[in-house]
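One file, work14.cif, carrying mmCIF, C-alpha atoms:
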```
data_my_file
#
loop_
_atom_site.label_atom_id
_atom_site.label_comp_id
_atom_site.auth_asym_id
_atom_site.auth_seq_id
_atom_site.Cartn_x
_atom_site.Cartn_y
_atom_site.Cartn_z
CA MET A 1 203.14 126.55 36.29
CA SER A 2 200.04 124.48 35.51
CA ASP A 3 198.00 124.92 32.32
CA PHE A 4 195.12 126.22 34.45
CA ASN A 5 197.29 128.94 35.99
CA LYS A 6 198.64 129.97 32.56
CA GLU A 7 195.15 130.26 31.08
CA PHE A 8 193.97 132.12 34.16
CA LEU A 9 196.79 134.68 34.01
CA ASN A 10 196.30 135.23 30.26
CA ALA A 11 192.57 135.71 30.78
CA LEU A 12 193.16 138.35 33.45
CA LEU A 13 194.59 140.66 30.81
CA ASN A 14 191.26 140.80 28.91
CA ARG A 15 187.81 141.11 30.53
CA GLU A 16 185.99 139.24 27.77
CA LYS A 17 188.51 136.40 27.80
CA PHE A 18 188.32 136.28 31.59
CA ASP A 19 184.52 135.96 31.57
CA GLU A 20 184.70 133.28 28.88
CA PHE A 21 187.37 131.39 30.85
CA MET A 22 185.37 131.51 34.07
CA ARG A 23 182.17 130.46 32.31
CA GLY A 24 183.91 127.40 30.91
CA GLN A 25 185.48 126.47 34.24
CA LEU A 26 182.25 126.93 36.14
CA GLN A 27 180.27 124.93 33.61
CA THR A 28 182.78 122.06 33.70
CA ALA A 29 182.86 122.06 37.51
CA LEU A 30 179.08 121.99 37.88
CA ASN A 31 178.71 119.19 35.34
CA SER A 32 181.29 117.14 37.23
CA LEU A 33 179.56 117.77 40.55
CA LEU A 34 176.16 116.77 39.18
CA GLU A 35 177.54 113.54 37.73
CA SER A 36 179.26 112.83 41.07
CA GLU A 37 175.97 113.41 42.90
CA LEU A 38 174.17 110.83 40.75
CA THR A 39 177.04 108.37 41.12
CA ALA A 40 176.84 108.70 44.92
CA PHE A 41 173.07 108.29 44.81
CA LEU A 42 173.14 105.15 42.62
CA GLY A 43 176.26 103.68 44.27
CA TYR A 44 178.20 102.89 41.10
CA ASN A 45 180.21 104.67 38.40
CA PRO A 46 179.00 105.03 34.82
CA TYR A 47 179.25 101.75 32.85
CA ASP A 48 180.33 99.87 36.03
CA ARG A 49 179.13 96.24 35.94
CA SER A 50 178.22 96.50 39.62
CA GLY A 51 175.27 98.64 38.64
CA TRP A 52 173.64 96.06 36.41
CA ASN A 53 170.21 94.83 37.43
CA ILE A 54 170.05 96.77 40.69
CA GLY A 55 166.61 98.21 39.93
CA ASN A 56 167.66 101.75 39.02
CA SER A 57 170.05 103.27 36.50
CA ARG A 58 171.06 106.39 34.64
CA ASN A 59 168.40 107.69 32.27
CA GLY A 60 169.83 110.46 30.11
CA SER A 61 169.83 114.12 31.09
CA TYR A 62 168.38 117.53 30.38
CA VAL A 63 170.07 120.88 29.86
CA ARG A 64 169.50 123.75 32.25
CA LYS A 65 170.58 127.30 31.56
CA LEU A 66 171.87 129.40 34.44
CA LYS A 67 172.73 133.06 34.65
CA THR A 68 175.99 133.79 36.46
CA GLN A 69 178.07 136.91 37.02
CA PHE A 70 180.20 135.72 34.07
CA GLY A 71 177.27 135.22 31.72
CA GLN A 72 174.91 132.36 30.92
CA ILE A 73 176.09 128.78 31.17
CA GLU A 74 174.51 125.46 30.26
CA VAL A 75 174.73 122.49 32.58
CA THR A 76 173.72 118.92 31.92
CA VAL A 77 171.56 117.55 34.74
CA PRO A 78 171.55 113.73 34.84
CA ARG A 79 168.43 111.66 35.56
CA ASP A 80 167.75 108.24 37.01
CA ARG A 81 165.18 105.83 35.56
CA LYS A 82 162.95 105.81 38.63
CA GLY A 83 162.92 109.59 38.96
CA GLU A 84 164.09 109.41 42.58
CA PHE A 85 167.31 111.41 42.16
CA HIS A 86 167.08 115.07 43.23
CA GLN A 87 170.30 117.00 42.73
CA ARG A 88 171.49 119.49 45.35
CA THR A 89 174.29 121.20 43.40
CA LEU A 90 172.11 123.73 41.57
CA PRO A 91 169.65 126.11 43.20
CA ALA A 92 166.05 124.99 42.86
CA TYR A 93 163.78 126.68 40.38
CA GLY A 94 161.56 129.30 41.89
CA GLU A 95 158.01 128.05 42.32
CA HIS A 96 156.97 130.17 39.34
CA THR A 97 159.79 131.95 37.51
CA ASP A 98 158.78 134.79 35.22
CA THR A 99 160.19 132.96 32.20
CA LEU A 100 158.25 129.79 32.92
CA GLU A 101 155.04 131.67 33.62
CA THR A 102 155.38 133.53 30.34
CA THR A 103 156.01 130.28 28.48
CA ILE A 104 153.03 128.59 30.11
CA ILE A 105 150.69 131.48 29.40
CA GLN A 106 151.81 131.67 25.76
CA LEU A 107 151.25 127.92 25.29
CA TYR A 108 147.85 128.03 26.98
CA SER A 109 146.71 131.02 24.94
CA HIS A 110 147.43 128.97 21.81
CA GLY A 111 145.07 126.20 22.87
CA VAL A 112 147.54 123.74 24.45
CA THR A 113 145.95 121.88 27.38
CA THR A 114 147.27 122.16 30.94
CA ARG A 115 148.33 118.51 30.92
CA GLU A 116 150.21 118.93 27.64
CA ILE A 117 151.93 122.04 29.02
CA ALA A 118 153.00 120.19 32.18
CA GLU A 119 154.63 117.49 30.07
CA LEU A 120 156.33 120.03 27.79
CA ILE A 121 157.69 122.08 30.69
CA GLU A 122 159.17 118.98 32.30
CA LYS A 123 160.88 118.01 29.04
CA MET A 124 162.16 121.53 28.42
CA TYR A 125 163.25 122.51 31.93
CA GLY A 126 163.43 119.28 33.87
CA CYS A 127 161.05 120.42 36.60
CA TYR A 128 157.59 119.00 37.16
CA TYR A 129 154.53 121.20 37.03
CA SER A 130 151.24 119.44 37.71
CA ALA A 131 148.21 120.17 35.54
CA GLY A 132 146.69 121.85 38.61
CA THR A 133 149.68 124.17 39.00
CA ILE A 134 149.55 125.06 35.31
CA SER A 135 145.84 125.71 35.64
CA ASN A 136 146.45 128.18 38.48
CA ILE A 137 149.03 130.07 36.41
CA THR A 138 146.74 130.25 33.37
CA LYS A 139 143.73 131.50 35.30
CA GLN A 140 144.76 135.04 34.42
CA ILE A 141 144.21 134.23 30.71
CA THR A 142 140.82 132.66 31.44
CA SER A 143 139.93 135.70 33.53
CA GLN A 144 140.84 138.06 30.67
CA VAL A 145 138.65 136.14 28.23
CA GLU A 146 135.74 136.07 30.68
CA SER A 147 136.07 139.83 31.19
CA TYR A 148 136.07 140.31 27.43
CA HIS A 149 132.76 138.40 27.14
CA GLN A 150 131.20 140.49 29.91
CA ARG A 151 132.57 143.97 29.17
CA LYS A 152 130.32 146.97 28.62
CA LEU A 153 129.78 147.69 24.91
CA ASN A 154 129.58 150.92 22.94
CA ASP A 155 126.02 152.24 22.76
CA LYS A 156 126.12 152.86 18.99
CA PHE A 157 127.45 150.90 16.03
CA PHE A 158 127.05 152.11 12.49
CA CYS A 159 127.25 148.54 11.20
CA ILE A 160 127.65 145.04 12.60
CA TYR A 161 128.84 142.10 10.51
CA LEU A 162 127.62 138.62 11.48
CA ASP A 163 129.27 135.43 10.27
CA ALA A 164 130.14 131.94 11.51
CA THR A 165 133.37 130.05 10.93
CA TYR A 166 134.13 126.40 11.70
CA ILE A 167 137.00 125.00 13.77
CA PRO A 168 137.68 121.36 14.80
CA LEU A 169 136.77 120.70 18.44
CA ARG A 170 136.61 117.59 20.58
CA ARG A 171 133.64 116.73 22.74
CA GLU A 172 133.24 112.96 22.59
CA THR A 173 134.70 112.90 19.09
CA TYR A 174 136.34 115.51 16.90
CA ASP A 175 134.12 117.57 14.63
CA ARG A 176 134.06 121.05 13.13
CA GLU A 177 131.97 123.38 15.27
CA ALA A 178 130.60 126.84 14.62
CA VAL A 179 132.19 129.95 16.10
CA TYR A 180 129.70 132.82 15.76
CA VAL A 181 131.53 136.12 15.28
CA ALA A 182 130.26 139.70 15.34
CA VAL A 183 132.45 142.58 14.16
CA GLY A 184 131.26 146.16 14.53
CA ILE A 185 132.27 149.56 13.16
CA LYS A 186 131.37 152.57 15.27
CA PRO A 187 130.18 155.87 13.75
CA ASP A 188 133.71 157.26 14.14
CA GLY A 189 135.10 154.40 12.02
CA HIS A 190 136.80 152.39 14.74
CA LYS A 191 136.18 148.66 14.48
CA GLU A 192 136.26 145.84 16.98
CA ILE A 193 135.31 142.20 17.32
CA ILE A 194 132.30 142.68 19.57
CA ASP A 195 131.99 139.07 20.72
CA TYR A 196 131.85 135.43 19.66
CA ARG A 197 130.07 132.24 20.70
CA ILE A 198 130.88 128.55 20.27
CA ALA A 199 128.19 125.98 19.41
CA PRO A 200 128.07 122.63 17.57
CA VAL A 201 126.14 124.07 14.60
CA GLU A 202 124.96 127.43 13.32
CA ASN A 203 121.36 128.09 14.32
CA LEU A 204 119.11 131.07 14.88
CA THR A 205 118.77 130.47 18.63
CA VAL A 206 122.47 131.12 19.28
CA TRP A 207 122.45 134.21 17.09
CA GLU A 208 119.45 135.53 19.03
CA GLU A 209 121.15 134.88 22.37
CA MET A 210 124.16 136.81 21.13
CA ILE A 211 122.12 139.80 19.90
CA ALA A 212 120.06 139.87 23.12
CA ASP A 213 123.33 139.92 25.05
CA PHE A 214 124.51 142.93 23.02
CA LYS A 215 121.35 144.73 24.02
CA ASP A 216 121.88 143.92 27.69
CA ARG A 217 125.50 145.08 27.54
CA GLY A 218 124.68 148.54 26.23
CA VAL A 219 124.29 148.45 22.42
CA ASN A 220 121.23 150.67 21.96
CA GLN A 221 121.41 151.58 18.28
CA VAL A 222 122.65 149.80 15.16
CA GLU A 223 122.16 151.41 11.77
CA LEU A 224 123.02 148.42 9.57
CA PHE A 225 123.46 144.67 9.95
CA LEU A 226 125.32 142.62 7.33
CA SER A 227 124.97 138.85 7.04
CA ASP A 228 124.94 135.98 4.57
CA GLY A 229 121.17 135.80 4.99
CA PHE A 230 120.89 132.89 7.42
CA VAL A 231 117.23 131.83 7.50
CA GLY A 232 115.22 134.00 9.90
CA ILE A 233 118.09 136.25 10.95
CA LYS A 234 116.67 139.45 9.45
CA ASN A 235 113.34 139.19 11.31
CA MET A 236 115.15 138.26 14.53
CA LEU A 237 117.37 141.35 14.29
CA LYS A 238 114.31 143.56 13.81
CA GLN A 239 112.90 142.34 17.12
CA TYR A 240 115.85 143.80 19.00
CA TYR A 241 116.74 146.72 16.72
CA PRO A 242 113.54 147.64 14.86
CA ASN A 243 115.06 150.74 13.25
CA SER A 244 118.09 148.96 11.84
CA LYS A 245 118.53 148.06 8.17
CA PHE A 246 119.73 144.77 6.72
CA GLN A 247 122.20 144.20 3.87
CA ARG A 248 122.53 140.75 2.33
CA CYS A 249 126.16 139.91 1.53
CA LEU A 250 126.49 140.15 -2.26
CA VAL A 251 129.51 137.86 -2.28
CA HIS A 252 127.41 135.09 -0.72
CA VAL A 253 124.68 135.82 -3.25
CA MET A 254 127.20 135.34 -6.06
CA ARG A 255 128.28 132.05 -4.53
CA ASN A 256 124.67 130.91 -4.56
CA ILE A 257 124.29 131.99 -8.18
CA SER A 258 127.39 130.02 -9.17
CA GLN A 259 125.74 126.83 -7.86
CA LYS A 260 122.63 127.35 -9.97
CA VAL A 261 124.14 127.94 -13.40
CA ARG A 262 126.16 125.82 -15.80
CA LEU A 263 129.90 125.70 -15.26
CA LYS A 264 130.72 127.01 -18.74
CA ALA A 265 128.46 130.04 -18.25
CA ARG A 266 129.43 130.72 -14.63
CA SER A 267 132.26 133.20 -15.21
CA ALA A 268 130.29 135.37 -17.62
CA ILE A 269 127.13 135.38 -15.48
CA LEU A 270 129.03 136.34 -12.31
CA SER A 271 130.86 139.12 -14.15
CA GLU A 272 127.50 140.53 -15.17
CA PHE A 273 126.10 140.32 -11.65
CA LYS A 274 129.15 142.11 -10.20
CA GLN A 275 128.03 145.23 -12.03
CA VAL A 276 125.20 145.52 -9.50
CA HIS A 277 127.55 146.86 -6.80
CA LYS A 278 129.68 148.97 -9.17
CA GLN A 279 127.07 151.60 -10.04
CA SER A 280 127.13 155.23 -8.94
CA ASN A 281 123.67 155.14 -7.37
CA ARG A 282 120.81 152.85 -6.43
CA VAL A 283 118.63 153.67 -9.44
CA ALA A 284 121.37 152.60 -11.84
CA ALA A 285 122.00 149.46 -9.74
CA GLU A 286 118.30 148.53 -9.86
CA GLU A 287 118.35 148.85 -13.65
CA VAL A 288 121.37 146.52 -13.86
CA LEU A 289 119.75 144.00 -11.49
CA HIS A 290 116.43 143.99 -13.35
CA ALA A 291 118.16 143.63 -16.72
CA PHE A 292 120.15 140.71 -15.31
CA CYS A 293 116.96 138.99 -14.09
CA ASP A 294 115.15 139.58 -17.38
CA LYS A 295 118.06 138.16 -19.38
CA TYR A 296 118.27 134.90 -17.44
CA ARG A 297 114.65 134.42 -16.37
CA ALA A 298 113.83 131.84 -19.02
CA GLN A 299 117.18 130.06 -18.84
CA TYR A 300 117.55 129.95 -15.05
CA PRO A 301 114.09 130.63 -13.55
CA ARG A 302 114.95 129.30 -10.07
CA MET A 303 118.00 131.54 -9.77
CA VAL A 304 116.01 134.61 -10.80
CA LYS A 305 113.12 133.76 -8.48
CA ASP A 306 115.51 133.50 -5.51
CA LEU A 307 117.09 136.86 -6.39
CA GLU A 308 113.73 138.60 -6.61
CA LYS A 309 112.75 137.28 -3.17
CA ILE A 310 115.68 139.07 -1.54
CA GLU A 311 115.90 142.12 -3.83
CA GLU A 312 115.06 144.58 -1.05
CA ASP A 313 118.14 143.42 0.89
CA LEU A 314 120.62 143.59 -1.99
CA LEU A 315 120.99 147.33 -2.58
CA VAL A 316 120.64 148.83 0.90
CA PHE A 317 124.31 149.88 0.92
CA TYR A 318 123.57 152.51 -1.76
CA GLN A 319 121.76 154.58 0.91
CA TYR A 320 125.12 155.44 2.46
CA PRO A 321 128.09 157.57 1.39
CA LYS A 322 130.06 156.18 -1.54
CA GLN A 323 133.31 156.33 0.51
CA ILE A 324 132.18 153.33 2.59
CA ARG A 325 130.11 151.33 0.11
CA ALA A 326 132.98 148.99 -0.75
CA SER A 327 133.03 147.93 2.91
CA ILE A 328 129.29 147.39 3.38
CA TYR A 329 127.98 145.45 0.39
CA SER A 330 129.49 142.19 1.67
CA THR A 331 130.79 140.45 4.79
CA ASN A 332 134.33 140.26 3.35
CA MET A 333 135.68 142.27 6.25
CA ILE A 334 134.55 139.77 8.89
CA GLU A 335 135.58 136.84 6.71
CA SER A 336 139.10 138.24 6.57
CA VAL A 337 139.10 138.38 10.39
CA ASN A 338 137.91 134.76 10.60
CA ASN A 339 140.52 133.62 8.08
CA MET A 340 143.27 135.40 10.01
CA ILE A 341 142.31 133.57 13.20
CA LYS A 342 141.89 130.23 11.42
CA ARG A 343 145.41 130.52 10.00
CA LYS A 344 146.68 130.69 13.55
CA THR A 345 144.82 127.46 14.39
CA LYS A 346 146.61 125.45 11.68
CA PRO A 347 149.54 124.35 13.90
CA LYS A 348 146.92 122.75 16.17
CA ALA A 349 144.80 120.30 14.17
CA GLU A 350 141.97 120.38 16.70
CA PHE A 351 141.09 121.69 20.15
CA PRO A 352 140.67 119.17 22.98
CA SER A 353 137.88 121.09 24.74
CA GLU A 354 135.54 124.02 24.37
CA GLN A 355 137.50 125.83 27.09
CA SER A 356 140.77 125.55 25.15
CA LEU A 357 139.09 126.83 21.96
CA ASP A 358 137.44 129.68 23.87
CA THR A 359 140.77 130.65 25.43
CA PHE A 360 142.62 130.52 22.11
CA PHE A 361 139.94 132.41 20.18
CA GLY A 362 139.52 134.97 22.97
CA THR A 363 143.25 135.64 23.11
CA GLN A 364 143.39 136.24 19.37
CA VAL A 365 140.33 138.50 19.49
CA ILE A 366 141.75 140.60 22.33
CA LYS A 367 145.03 141.01 20.42
CA TYR A 368 143.11 142.02 17.30
CA ASN A 369 141.06 144.62 19.16
CA ASP A 370 144.18 146.04 20.84
CA LYS A 371 145.93 146.28 17.46
CA TYR A 372 143.08 148.04 15.66
CA CYS A 373 141.54 150.07 18.49
CA ASP A 374 143.09 153.32 17.24
CA ARG A 375 142.67 152.69 13.52
CA VAL A 376 139.80 154.08 11.47
CA HIS A 377 138.42 151.69 8.88
CA LYS A 378 138.98 152.66 5.26
CA GLY A 379 136.65 155.42 4.10
CA PHE A 380 134.87 155.89 7.42
CA GLY A 381 137.07 158.73 8.62
CA GLN A 382 136.01 160.87 5.66
CA VAL A 383 132.29 160.62 6.50
CA ALA A 384 132.27 160.37 10.31
CA ASP A 385 130.04 163.43 10.72
CA THR A 386 127.54 162.05 8.20
CA LEU A 387 127.43 158.67 9.96
CA GLU A 388 126.77 160.31 13.32
CA SER A 389 123.69 161.96 11.81
CA TYR A 390 121.99 158.56 11.46
CA PHE A 391 121.71 158.31 15.26
CA ASP A 392 119.56 160.09 17.81
#
```
For this file, produce the structure as structure tokens.
Amino acid sequence: MSDFNKEFLNALLNREKFDEFMRGQLQTALNSLLESELTAFLGYNPYDRSGWNIGNSRNGSYVRKLKTQFGQIEVTVPRDRKGEFHQRTLPAYGEHTDTLETTIIQLYSHGVTTREIAELIEKMYGCYYSAGTISNITKQITSQVESYHQRKLNDKFFCIYLDATYIPLRRETYDREAVYVAVGIKPDGHKEIIDYRIAPVENLTVWEEMIADFKDRGVNQVELFLSDGFVGIKNMLKQYYPNSKFQRCLVHVMRNISQKVRLKARSAILSEFKQVHKQSNRVAAEEVLHAFCDKYRAQYPRMVKDLEKIEEDLLVFYQYPKQIRASIYSTNMIESVNNMIKRKTKPKAEFPSEQSLDTFFGTQVIKYNDKYCDRVHKGFGQVADTLESYFD
């Protein structure tokens, strides 16, 4: 009895051993057939001198995984240098298998270009997908992002945070470009990234286009806007939402203060200024702010003058319930969103086009909104009825 027959009979006594035996035999047989196919195509055996300098030769291989009735096997598919060999032993890949489509969509949503994906897929699976084919598969991602930018918006937001972050992008050369982001919290406490825009630099025109778009898409009332105080943004917001209030981010104010005082005194001065947002009411906060200005007026007159110019925008958050004040005296919430997205960009040093950045950013934003759509932001759930009273 041959060794094959002995192994076969032993394997029959145990289903797992039988499947393992058949997987091994099938894998060996297919590998032999594939190598025989290439040998017949080239006209010479491996390492045969007759194959030297004939214009084509073996050129490595790639591994393909196949599902069989005995489980998954791996076969080694040989290649020729000219790329003219097309094996007939294995069934062809479907035009778009679910696994490949999922892989392509995942890569594209992370900012990889269609050409890069085509090259990766060929290396991974050994089948060629043109950039055009990849583009057709990824159109569903592009369509989702476009729908996100055009969707109808909630008619009321208690507050909207505005901030810009910078991500490397290639046009003719690589440079960091501004991504304008708006995050809103509704009166019921649910938050969402309302929208974003991409532009070379941060300027008032783009912010105005974004706010005008919010108006067109259904946002009728906003109680409070929060921003770092970009020049002209407060007056622009009033044009579209005249009844809204404006809170200057106190964290950004502290950053500005730190640049206007001596390094040795910086820690102590900032600790004093932090007391402004730790008071129980606005009257007490005003007393702390005025005492701070009086103390440093002679020593740092420019710093104090700048603070007094924006005083009316510093303490607006005290008009609202104490349960939510920690969330509305700064833009920390939107900065945490931006930082989360930027961490995901680190594996990709830069984006090759605005479209790839838009797709990546949009995908992350949609995931964020899906994740937090049912969550109430800290403190807001306790005062939802009070927040609703600020609206018509």
**OP:** Write out as JSON, numbers by chain which residues come within 10 Å of A:Tyr329 when counting all atoms listed in the file, dropping same-chain ones fewer than 4 positions away.
**Re:** {"A": [226, 227, 247, 248, 249, 250, 251, 277, 314, 315, 316, 317, 318, 324, 325]}
Quick one: apply the PyMOL selection byres ((chain A and resi 60) around 8) to the file and drop the selected residues here as a tab-separated table (two decimals) with C-alpha atoms, in the coordinates of the input.
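Printed below is expr.tsv as written:
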```
chain	number	residue	atom	x	y	z
A	58	ARG	CA	171.06	106.39	34.64
A	59	ASN	CA	168.40	107.69	32.27
A	61	SER	CA	169.83	114.12	31.09
A	62	TYR	CA	168.38	117.53	30.38
A	78	PRO	CA	171.55	113.73	34.84
A	79	ARG	CA	168.43	111.66	35.56
A	80	ASP	CA	167.75	108.24	37.01
```
Original post:
What do you get, as a list in words, if you spell out every residue that the PyMOL selection byres ((chain A and resi 72-77) around 9) selects here?
Top reply: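 For this structure, the PyMOL selection byres ((chain A and resi 72-77) around 9) resolves to Arg23, Gly24, Leu26, Gln27, Thr28, Leu30, Asn31, Leu34, Glu35, Gly60, Ser61, Tyr62, Val63, Arg64, Lys65, Leu66, Lys67, Thr68, Gln69, Phe70, Gly71, Pro78, Arg79, Gln87 and Gly126 of chain A.
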Subject >> Selected residue of minimal separation from A:Gln382 among A:Thr331, A:Lys152, A:Asp188, A:Gln25, counting all atoms listed in the file >> reply: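 Going through A:Thr331, A:Lys152, A:Asp188, A:Gln25 one by one, the smallest distance to A:Gln382 is for A:Asp188.
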Subject >> A:Tyr372 environment, 10 Å, all atoms listed in the file, sequence neighbours closer than 2 positions dropped, as number ranges by chain >> reply: A: 190-193, 367-370, 374-377
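For the set A:Pro200, A:Pro301, A:Gly232, A:Pro187, the residue with the smallest atom-to-atom gap to A:Asp175 is A:Pro200, counting only C-alpha atoms.
All residues that come within 8 Å of the coordinates (120.8, 135.6, 13.3), counting all atoms listed in the file, are given as Leu162, Asn203, Leu204, Thr205, Val206, Trp207, Glu208, Ile211, Phe230, Val231, Gly232, Ile233, Lys234, Met236 and Leu237 of chain A.
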Run through the PyMOL selection byres ((chain A and resi 362) around 9) on the given coordinates and return the selected residues as a compact mmCIF listing (two decimals) with C-alpha atoms, keeping the file's coordinate frame.
```
# COMPACT_ATOMS: atom_id res chain seq x y z
CA SER A 109 146.71 131.02 24.94
CA THR A 142 140.82 132.66 31.44
CA GLN A 144 140.84 138.06 30.67
CA VAL A 145 138.65 136.14 28.23
CA GLU A 146 135.74 136.07 30.68
CA TYR A 148 136.07 140.31 27.43
CA HIS A 149 132.76 138.40 27.14
CA ASP A 195 131.99 139.07 20.72
CA TYR A 196 131.85 135.43 19.66
CA LEU A 357 139.09 126.83 21.96
CA ASP A 358 137.44 129.68 23.87
CA THR A 359 140.77 130.65 25.43
CA PHE A 360 142.62 130.52 22.11
CA PHE A 361 139.94 132.41 20.18
CA THR A 363 143.25 135.64 23.11
CA GLN A 364 143.39 136.24 19.37
CA VAL A 365 140.33 138.50 19.49
CA ILE A 366 141.75 140.60 22.33
CA LYS A 367 145.03 141.01 20.42
```
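You will find atom CA of A:Phe158 at 6.2 Å from atom CA of A:Leu224.
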Original post:
Out of A:Asn338, A:Glu312, A:Asn243, A:Gly379, which residue has the shortest atom-to-atom distance to A:Ala178 when counting only C-alpha atoms?
Top reply: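 Ranked by minimum distance to A:Ala178, first place goes to A:Asn338.
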Original post:
In terms of the shortest atom-to-atom distance over all atoms listed in the file, which of A:Lys139, A:Lys278, A:Lys322, A:Lys186 is closest to A:Lys156?
Top reply: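 That would be A:Lys186, the residue with the smallest distance to A:Lys156.
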Original post:
For the atom pair atom CA of A:Glu84 and atom CA of A:Leu33, what is the interatomic distance in Å to one decimal place?
Top reply: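 The value is 17.7 Å.
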**OP:** Could you please determine the separation between atom CA of A:Ala298 and atom CA of A:Ser280 in Å, to one decimal place?
**Re:**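 Atom CA of A:Ser280 lies at a distance of 28.7 Å from atom CA of A:Ala298.
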Original post:
Of the candidates A:Val222, A:Pro242, A:Ser36, A:Glu308, which one gets nearest to A:Arg88 if we count all atoms listed in the file?
Top reply: A:Ser36
**OP:** Have a look at A:Ile167, A:Ala326, A:Ile185, A:Val253 and name the one nearest to A:Asp306; count all atoms listed in the file.
**Re:**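 Counting all atoms listed in the file, the residue closest to A:Asp306 is A:Val253.
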Could the centre and edge lengths of an axis-aligned box, enclosing all atoms of stretch 232-248 of chain A in the file with 8 Å extra on each side, be given in Å to one decimal as AutoDock Vina command-line options?
```
--center_x 117.7 --center_y 142.4 --center_z 10.7 --size_x 25.6 --size_y 32.7 --size_z 32.7
```
Output requested as a tab-separated table (two decimals), keeping the file's coordinate frame - stretch 247-263 of chain A, filled out with N, CA and C atoms.
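So out.tsv came out as:
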```
chain	number	residue	atom	x	y	z
A	247	GLN	N	121.56	144.37	5.17
A	247	GLN	CA	122.20	144.20	3.87
A	247	GLN	C	122.62	142.75	3.70
A	248	ARG	N	122.11	142.12	2.66
A	248	ARG	CA	122.53	140.75	2.33
A	248	ARG	C	123.91	140.80	1.66
A	249	CYS	N	124.81	139.94	2.10
A	249	CYS	CA	126.16	139.91	1.53
A	249	CYS	C	126.10	139.52	0.05
A	250	LEU	N	126.55	140.43	-0.83
A	250	LEU	CA	126.49	140.15	-2.26
A	250	LEU	C	127.49	139.09	-2.70
A	251	VAL	N	128.56	138.91	-1.95
A	251	VAL	CA	129.51	137.86	-2.28
A	251	VAL	C	128.87	136.49	-2.04
A	252	HIS	N	128.13	136.35	-0.96
A	252	HIS	CA	127.41	135.09	-0.72
A	252	HIS	C	126.33	134.87	-1.77
A	253	VAL	N	125.68	135.95	-2.19
A	253	VAL	CA	124.68	135.82	-3.25
A	253	VAL	C	125.32	135.30	-4.53
A	254	MET	N	126.49	135.81	-4.86
A	254	MET	CA	127.20	135.34	-6.06
A	254	MET	C	127.59	133.87	-5.93
A	255	ARG	N	127.96	133.47	-4.73
A	255	ARG	CA	128.28	132.05	-4.53
A	255	ARG	C	127.06	131.18	-4.77
A	256	ASN	N	125.91	131.66	-4.32
A	256	ASN	CA	124.67	130.91	-4.56
A	256	ASN	C	124.34	130.85	-6.05
A	257	ILE	N	124.54	131.97	-6.74
A	257	ILE	CA	124.29	131.99	-8.18
A	257	ILE	C	125.18	130.98	-8.90
A	258	SER	N	126.44	130.92	-8.49
A	258	SER	CA	127.39	130.02	-9.17
A	258	SER	C	126.97	128.56	-9.07
A	259	GLN	N	126.19	128.22	-8.04
A	259	GLN	CA	125.74	126.83	-7.86
A	259	GLN	C	124.48	126.52	-8.67
A	260	LYS	N	123.91	127.54	-9.27
A	260	LYS	CA	122.63	127.35	-9.97
A	260	LYS	C	122.73	127.55	-11.48
A	261	VAL	N	123.95	127.75	-11.96
A	261	VAL	CA	124.14	127.94	-13.40
A	261	VAL	C	125.18	126.93	-13.91
A	262	ARG	N	125.20	126.75	-15.21
A	262	ARG	CA	126.16	125.82	-15.80
A	262	ARG	C	127.59	126.32	-15.63
A	263	LEU	N	128.49	125.36	-15.50
A	263	LEU	CA	129.90	125.70	-15.26
A	263	LEU	C	130.48	126.57	-16.37
```
